[in-house]
Amino acid sequence: MPGNFNMRKLLLLFLLLSLQLTALPQGRLQAPAPEAMAAPAIPAAQTRTTHGIAQYINQRYKTPQEKIKAIYFWLAINIAYDVQGLTTSPRYYERQALIRQTLQTRKALCQGYAEVFLDLCTKTGLKAHLITGFVIPSGTSTPMSHAWGAAQINGKWYLFDPTWGAGLLQGNLFVPRVNPRYFMVPPATMVKTHLPFDPLWQLLPQPLTYQEFLAGQAKPSRPRPTFHFLDSVAAYEASSDRAKLRGTLRRMEANPVIPAVVLDQLNHLKQQAAVMQRNDAVDQFNAAVNAYNAGIDQLNGFIRYRNNQFQPQKSVGEIRKIMQGYSQHLQEAQRLLQQIHPLDNTSLLLNVQSMHQSLEKAFAQVAAQEKFLEKYLRTPPAQRKALFYKQAVADSK
């Protein structure tokens with residue numbers, strides 16, 4: 001009887017890690033704004049997790065404006081910019097681990113602020129997205145990668161940068177100074193200082209190119225076709241992770257000139273796309289293995305039934321239905337296998353080849369069982385027992 005394709009699930013653990021981004025403005029101290037006093041006084045024990053913070057906010061604030069204000073100012077007051085982390089933090093991070101670290105240490109680079117901001121928005125019922133891009137901090141001329149957030153309030157998109165809202169750098173010293181300037185900023189204002197890597201998140205009908213931003217322009221050099229960003233955001237939100245990444249890459253690469261600060265992120269996203277493609281191949285191969293094994297189990301069951309001389313007795317229609325069942329499983333395995341491109345994942349190459357060979361043998365068995373059944377049905381009932389004997393001899397060779 002055909003044996004199962006005993007293949008352990010291939011666990012290719014390619015973690016889709018994100019780049020750790022860093023940026024904070026240099027500048028002079030400003031007087032603290034009265035809006036800073038709006039930060040909620042959450043009990044310390046409740047601030048160890050975003051769940052605890054969100055629970056407090058949900059219990060005490062009702063409107064989206066109240067909730068987003070509480071989130072922004074709590075972060076700006078309670079999280080310090082991690083100056084040492086500029087040289088010691090790992091280049092890549094995992095989202096939940098970074099959120100935990102930010103709340104435990106009360107320190108973060110911009111990515112930590114942005115991740116906690118997004119998580120709190122989500123847990124308080126606000127539609128939000130994390131934005132990665134670049135800025136040119138005041139007092140410098142060098143573009144730096146950065147992360148901030150977008151949230152939809154009463155149907156309109158606004159932008160938030162709790163990192164820049166927390167303070168500034170004087171030399172290598174972080175000076176806490178809450179700044180409401182980067183709270184609930186209209187997209188047309190934010191684009192003057194913050195440019196997303198993905199033009200979608202400019203949230204503008206006339207997005208700037210990278211070069212226009214670096215040249216200090218607040219508007220495109222020449223009119224362009226209107227970009228219906230609301231439709232594009234809705235399509236983005238409804239897409240799979242792979243489709244989102246594919247769209248982001250397409251929009252980034254549509255820029256005529258890609259500066260170095262963008263190229264680093266672009267290459268990272270391409271690596272992520274390659275990881276997704278490899279993992280998709282693994283998932284598809286495992287699905288093919290499952291379909292193959294289901295087919296082989298049913299085929300072996302049919303062969304046992306045949307060897308028992310089709311007892312207990314079934315109608316011809318019932319027997320053909322059994323055969324149709326295992327054939328469909330094997331055909332599904334073949335279909336899935338044909339969609340895999342093992343060159344995209346060379347570790348699968350030998351497994352895919354082996355699976356093809358196993359399927360060939362399985363289909364040969366399917367054909368043999370169909371041939372036996374047709375011969376059985378053509379044979380007079382008194383002579384059928386001899387067929388089983390002859391088949392048993394053939395199977396033993």
# chains A, B, ... in the order shown; residues from 1 in each chain; ligands from 1
>>> residues_around(residues="region 306-310 of chain A", least_positions_apart="4", cutoff="12 Å", atoms="only C-alpha atoms", output="VMD selection string")
chain A and resid 1 299 to 302 314 to 316 318 to 319 322 to 323 368 to 370 372 to 373 376 to 377 381 384 to 393 395
>>> select_by_dssp(residues="region 32-133 of chain A", states="strand (DSSP E or B)", output="ChimeraX atom specification")
/A:80-81,92-93,107-108,128-133
>>> residues_around(residues="Gly112 (chain A)", least_positions_apart="2", cutoff="7 Å", atoms="only C-alpha atoms", output="list in words")
Leu98, Ile99, Thr102, Ala108, Leu109, Cys110, Ala114, Glu115 and Val116 of chain A
>>> write_last_selection(atoms="C-alpha atoms", output="mmCIF file, in the first residue's frame")
data_model
loop_
_atom_site.group_PDB
_atom_site.id
_atom_site.type_symbol
_atom_site.label_atom_id
_atom_site.label_comp_id
_atom_site.auth_asym_id
_atom_site.auth_seq_id
_atom_site.Cartn_x
_atom_site.Cartn_y
_atom_site.Cartn_z
ATOM 1 C CA LEU A 98 9.542 46.882 22.227
ATOM 2 C CA ILE A 99 6.238 47.947 23.794
ATOM 3 C CA THR A 102 9.257 51.001 26.673
ATOM 4 C CA ALA A 108 12.343 54.789 24.132
ATOM 5 C CA LEU A 109 13.562 55.861 20.775
ATOM 6 C CA CYS A 110 10.912 57.177 18.398
ATOM 7 C CA ALA A 114 5.082 55.203 18.064
ATOM 8 C CA GLU A 115 4.437 51.526 18.859
ATOM 9 C CA VAL A 116 2.932 52.307 22.268
#
>>> atom_distance(atom1="CA of Thr105 (chain A)", atom2="CA of Asp264 (chain A)")
28.2 Å
>>> closest_residue(among="A:Ala288, A:Leu266, A:Met355, A:Ala367", to="Gln331 (chain A)", atoms="only C-alpha atoms")
A:Ala288
>>> residues_around(residues="region 133-141 of chain A", least_positions_apart="3", cutoff="6 Å", atoms="only C-alpha atoms", output="PyMOL selection string")
chain A and resi 25-26+144-146+193-197
>>> write_last_selection(atoms="N, CA and C atoms", output="PDB file, in the first residue's frame")
ATOM      1  N   PRO A  25      14.479  66.346  17.745  1.00  0.00           N
ATOM      2  CA  PRO A  25      14.995  67.663  17.361  1.00  0.00           C
ATOM      3  C   PRO A  25      15.983  68.222  18.362  1.00  0.00           C
ATOM      4  N   GLN A  26      16.929  68.990  17.833  1.00  0.00           N
ATOM      5  CA  GLN A  26      17.797  69.802  18.671  1.00  0.00           C
ATOM      6  C   GLN A  26      17.143  71.177  18.785  1.00  0.00           C
ATOM      7  N   MET A 144      17.070  62.031   8.870  1.00  0.00           N
ATOM      8  CA  MET A 144      17.129  60.921   9.812  1.00  0.00           C
ATOM      9  C   MET A 144      15.810  60.152   9.762  1.00  0.00           C
ATOM     10  N   SER A 145      15.911  58.837   9.836  1.00  0.00           N
ATOM     11  CA  SER A 145      14.707  58.022   9.880  1.00  0.00           C
ATOM     12  C   SER A 145      13.952  58.291  11.178  1.00  0.00           C
ATOM     13  N   HIS A 146      12.635  58.150  11.114  1.00  0.00           N
ATOM     14  CA  HIS A 146      11.804  58.526  12.256  1.00  0.00           C
ATOM     15  C   HIS A 146      10.484  57.750  12.202  1.00  0.00           C
ATOM     16  N   THR A 193       7.626  68.981   8.008  1.00  0.00           N
ATOM     17  CA  THR A 193       8.742  68.505   8.833  1.00  0.00           C
ATOM     18  C   THR A 193       8.903  66.989   8.825  1.00  0.00           C
ATOM     19  N   HIS A 194       7.852  66.242   8.479  1.00  0.00           N
ATOM     20  CA  HIS A 194       7.860  64.785   8.542  1.00  0.00           C
ATOM     21  C   HIS A 194       7.419  64.223   7.185  1.00  0.00           C
ATOM     22  N   LEU A 195       8.256  63.407   6.565  1.00  0.00           N
ATOM     23  CA  LEU A 195       7.859  62.800   5.291  1.00  0.00           C
ATOM     24  C   LEU A 195       7.840  61.280   5.430  1.00  0.00           C
ATOM     25  N   PRO A 196       6.680  60.659   5.256  1.00  0.00           N
ATOM     26  CA  PRO A 196       6.610  59.199   5.325  1.00  0.00           C
ATOM     27  C   PRO A 196       7.394  58.548   4.187  1.00  0.00           C
ATOM     28  N   PHE A 197       7.938  57.358   4.463  1.00  0.00           N
ATOM     29  CA  PHE A 197       8.562  56.587   3.387  1.00  0.00           C
ATOM     30  C   PHE A 197       7.520  56.247   2.321  1.00  0.00           C
TER      31      PHE A 197
END
>>> residues_around(residues="region 324-327 of chain A", least_positions_apart="3", cutoff="6 Å", atoms="only C-alpha atoms", output="compact mmCIF listing (two decimals) with C-alpha atoms, in the first residue's frame")
# COMPACT_ATOMS: atom_id res chain seq x y z
CA GLY A 295 -5.63 11.08 -0.12
CA GLN A 298 -8.33 7.08 1.90
CA LEU A 299 -6.54 5.16 -0.87
CA LYS A 321 -17.54 7.82 -4.44
CA LEU A 330 -4.33 13.82 -4.53
>>> residues_around(residues="region 153-164 of chain A", least_positions_apart="2", cutoff="7 Å", atoms="only C-alpha atoms", output="compact mmCIF listing (two decimals) with C-alpha atoms, in the first residue's frame")
# COMPACT_ATOMS: atom_id res chain seq x y z
CA LEU A 24 14.71 63.92 18.00
CA PRO A 25 14.99 67.66 17.36
CA PRO A 64 -12.11 60.22 20.56
CA GLN A 65 -10.58 63.66 21.20
CA TYR A 72 -0.39 61.64 23.55
CA LEU A 75 3.46 59.34 26.53
CA ALA A 76 5.04 62.80 26.24
CA CYS A 110 10.91 57.18 18.40
CA TYR A 113 6.85 55.96 21.35
CA TRP A 148 5.22 58.73 14.39
CA GLY A 149 1.49 58.01 14.25
CA ALA A 150 -1.75 58.78 12.43
CA ALA A 151 -5.23 58.52 13.91
CA ALA A 166 8.26 64.77 24.81
CA GLY A 167 11.24 67.12 24.66
CA LEU A 168 14.41 67.86 22.75
CA TYR A 182 2.94 67.71 17.37
CA PHE A 183 -0.50 66.76 18.69
CA MET A 184 -3.36 66.34 16.20
CA VAL A 185 -1.46 67.96 13.34
CA PRO A 186 -3.21 68.36 9.94
CA PRO A 187 -1.39 66.42 7.19
>>> select_by_dssp(residues="region 224-351 of chain A", states="helix (DSSP H, G or I)", output="ChimeraX atom specification")
/A:229-237,241-253,260-307,316-338,342-344,346-351
>>> write_last_selection(atoms="C-alpha atoms", output="compact mmCIF listing (two decimals), in the first residue's frame")
# COMPACT_ATOMS: atom_id res chain seq x y z
CA PHE A 229 -5.76 58.89 -0.47
CA LEU A 230 -8.95 58.11 1.46
CA ASP A 231 -9.83 55.39 -1.05
CA SER A 232 -6.25 54.15 -0.99
CA VAL A 233 -6.17 54.02 2.83
CA ALA A 234 -9.45 52.07 2.85
CA ALA A 235 -8.03 49.63 0.27
CA TYR A 236 -4.82 49.32 2.29
CA GLU A 237 -6.73 48.50 5.48
CA ASP A 241 -0.14 41.94 4.87
CA ARG A 242 1.51 40.82 1.68
CA ALA A 243 -0.66 43.12 -0.47
CA LYS A 244 0.02 46.04 1.89
CA LEU A 245 3.75 45.49 1.58
CA ARG A 246 3.55 45.14 -2.18
CA GLY A 247 1.63 48.41 -2.45
CA THR A 248 4.07 50.23 -0.18
CA LEU A 249 7.03 49.09 -2.27
CA ARG A 250 5.31 50.15 -5.47
CA ARG A 251 4.57 53.63 -4.17
CA MET A 252 8.07 54.10 -2.76
CA GLU A 253 9.77 53.00 -5.95
CA ALA A 260 19.95 57.05 1.00
CA VAL A 261 17.74 57.48 4.09
CA VAL A 262 14.87 55.89 2.13
CA LEU A 263 16.95 53.23 0.43
CA ASP A 264 17.77 51.56 3.75
CA GLN A 265 14.08 51.16 4.56
CA LEU A 266 13.27 50.10 0.99
CA ASN A 267 15.85 47.31 1.12
CA HIS A 268 14.49 46.16 4.48
CA LEU A 269 10.94 46.01 3.10
CA LYS A 270 12.15 44.02 0.10
CA GLN A 271 13.73 41.54 2.50
CA GLN A 272 10.41 41.29 4.31
CA ALA A 273 8.65 40.63 1.00
CA ALA A 274 11.13 37.86 0.22
CA VAL A 275 10.56 36.33 3.67
CA MET A 276 6.80 36.40 3.13
CA GLN A 277 7.23 34.73 -0.24
CA ARG A 278 9.36 31.97 1.26
CA ASN A 279 6.94 31.43 4.12
CA ASP A 280 4.02 31.33 1.67
CA ALA A 281 5.85 28.56 -0.19
CA VAL A 282 6.32 26.63 3.06
CA ASP A 283 2.64 27.01 3.96
CA GLN A 284 1.60 25.87 0.50
CA PHE A 285 3.92 22.88 0.63
CA ASN A 286 2.52 21.86 4.00
CA ALA A 287 -1.01 22.19 2.64
CA ALA A 288 0.01 19.93 -0.27
CA VAL A 289 1.44 17.40 2.21
CA ASN A 290 -1.80 17.42 4.19
CA ALA A 291 -3.89 16.90 1.06
CA TYR A 292 -1.55 14.12 -0.10
CA ASN A 293 -1.68 12.32 3.25
CA ALA A 294 -5.48 12.58 3.37
CA GLY A 295 -5.63 11.08 -0.12
CA ILE A 296 -3.21 8.29 0.76
CA ASP A 297 -5.14 7.44 3.93
CA GLN A 298 -8.33 7.08 1.90
CA LEU A 299 -6.54 5.16 -0.87
CA ASN A 300 -5.11 2.71 1.65
CA GLY A 301 -8.55 2.36 3.18
CA PHE A 302 -9.96 1.50 -0.23
CA ILE A 303 -7.22 -1.07 -0.87
CA ARG A 304 -8.00 -2.74 2.47
CA TYR A 305 -11.67 -2.81 1.51
CA ARG A 306 -10.78 -4.30 -1.88
CA ASN A 307 -8.56 -6.94 -0.24
CA VAL A 316 -21.11 0.53 -7.25
CA GLY A 317 -21.99 4.21 -6.76
CA GLU A 318 -20.72 4.13 -3.17
CA ILE A 319 -17.47 2.45 -4.22
CA ARG A 320 -16.89 5.03 -6.95
CA LYS A 321 -17.54 7.82 -4.44
CA ILE A 322 -14.75 6.46 -2.21
CA MET A 323 -12.40 6.42 -5.18
CA GLN A 324 -13.43 9.93 -6.17
CA GLY A 325 -12.64 11.15 -2.63
CA TYR A 326 -9.01 10.07 -2.56
CA SER A 327 -8.48 11.15 -6.17
CA GLN A 328 -9.67 14.67 -5.34
CA HIS A 329 -7.27 14.92 -2.39
CA LEU A 330 -4.33 13.82 -4.53
CA GLN A 331 -5.30 16.20 -7.33
CA GLU A 332 -5.48 19.05 -4.81
CA ALA A 333 -2.00 18.13 -3.56
CA GLN A 334 -0.74 18.21 -7.15
CA ARG A 335 -2.38 21.59 -7.80
CA LEU A 336 -0.81 23.14 -4.70
CA LEU A 337 2.58 21.68 -5.50
CA GLN A 338 2.54 23.08 -9.03
CA PRO A 342 11.18 26.06 -5.07
CA LEU A 343 13.87 28.36 -6.43
CA ASP A 344 12.27 31.04 -4.22
CA THR A 346 15.86 26.37 -2.04
CA SER A 347 15.37 24.49 1.22
CA LEU A 348 12.12 23.21 -0.28
CA LEU A 349 13.66 22.00 -3.53
CA LEU A 350 14.38 18.39 -2.53
CA ASN A 351 11.10 18.10 -0.66
>>> atom_distance(atom1="CA of Ser89 (chain A)", atom2="CA of Thr132 (chain A)")
17.6 Å
>>> atom_distance(atom1="CA of Pro207 (chain A)", atom2="CA of Val191 (chain A)")
8.9 Å
>>> residues_around(residues="Ala362 (chain A)", least_positions_apart="3", cutoff="8 Å", atoms="only C-alpha atoms", output="ChimeraX atom specification")
/A:2,296,330,358-359,365-366
>>> write_last_selection(atoms="C-alpha atoms", output="tab-separated table (two decimals), in the first residue's frame")
chain	number	residue	atom	x	y	z
A	2	PRO	CA	1.21	3.58	-0.60
A	296	ILE	CA	-3.21	8.29	0.76
A	330	LEU	CA	-4.33	13.82	-4.53
A	358	SER	CA	5.36	10.28	-4.42
A	359	LEU	CA	2.40	11.73	-6.27
A	365	GLN	CA	-2.04	3.28	-7.70
A	366	VAL	CA	-5.24	5.24	-8.39
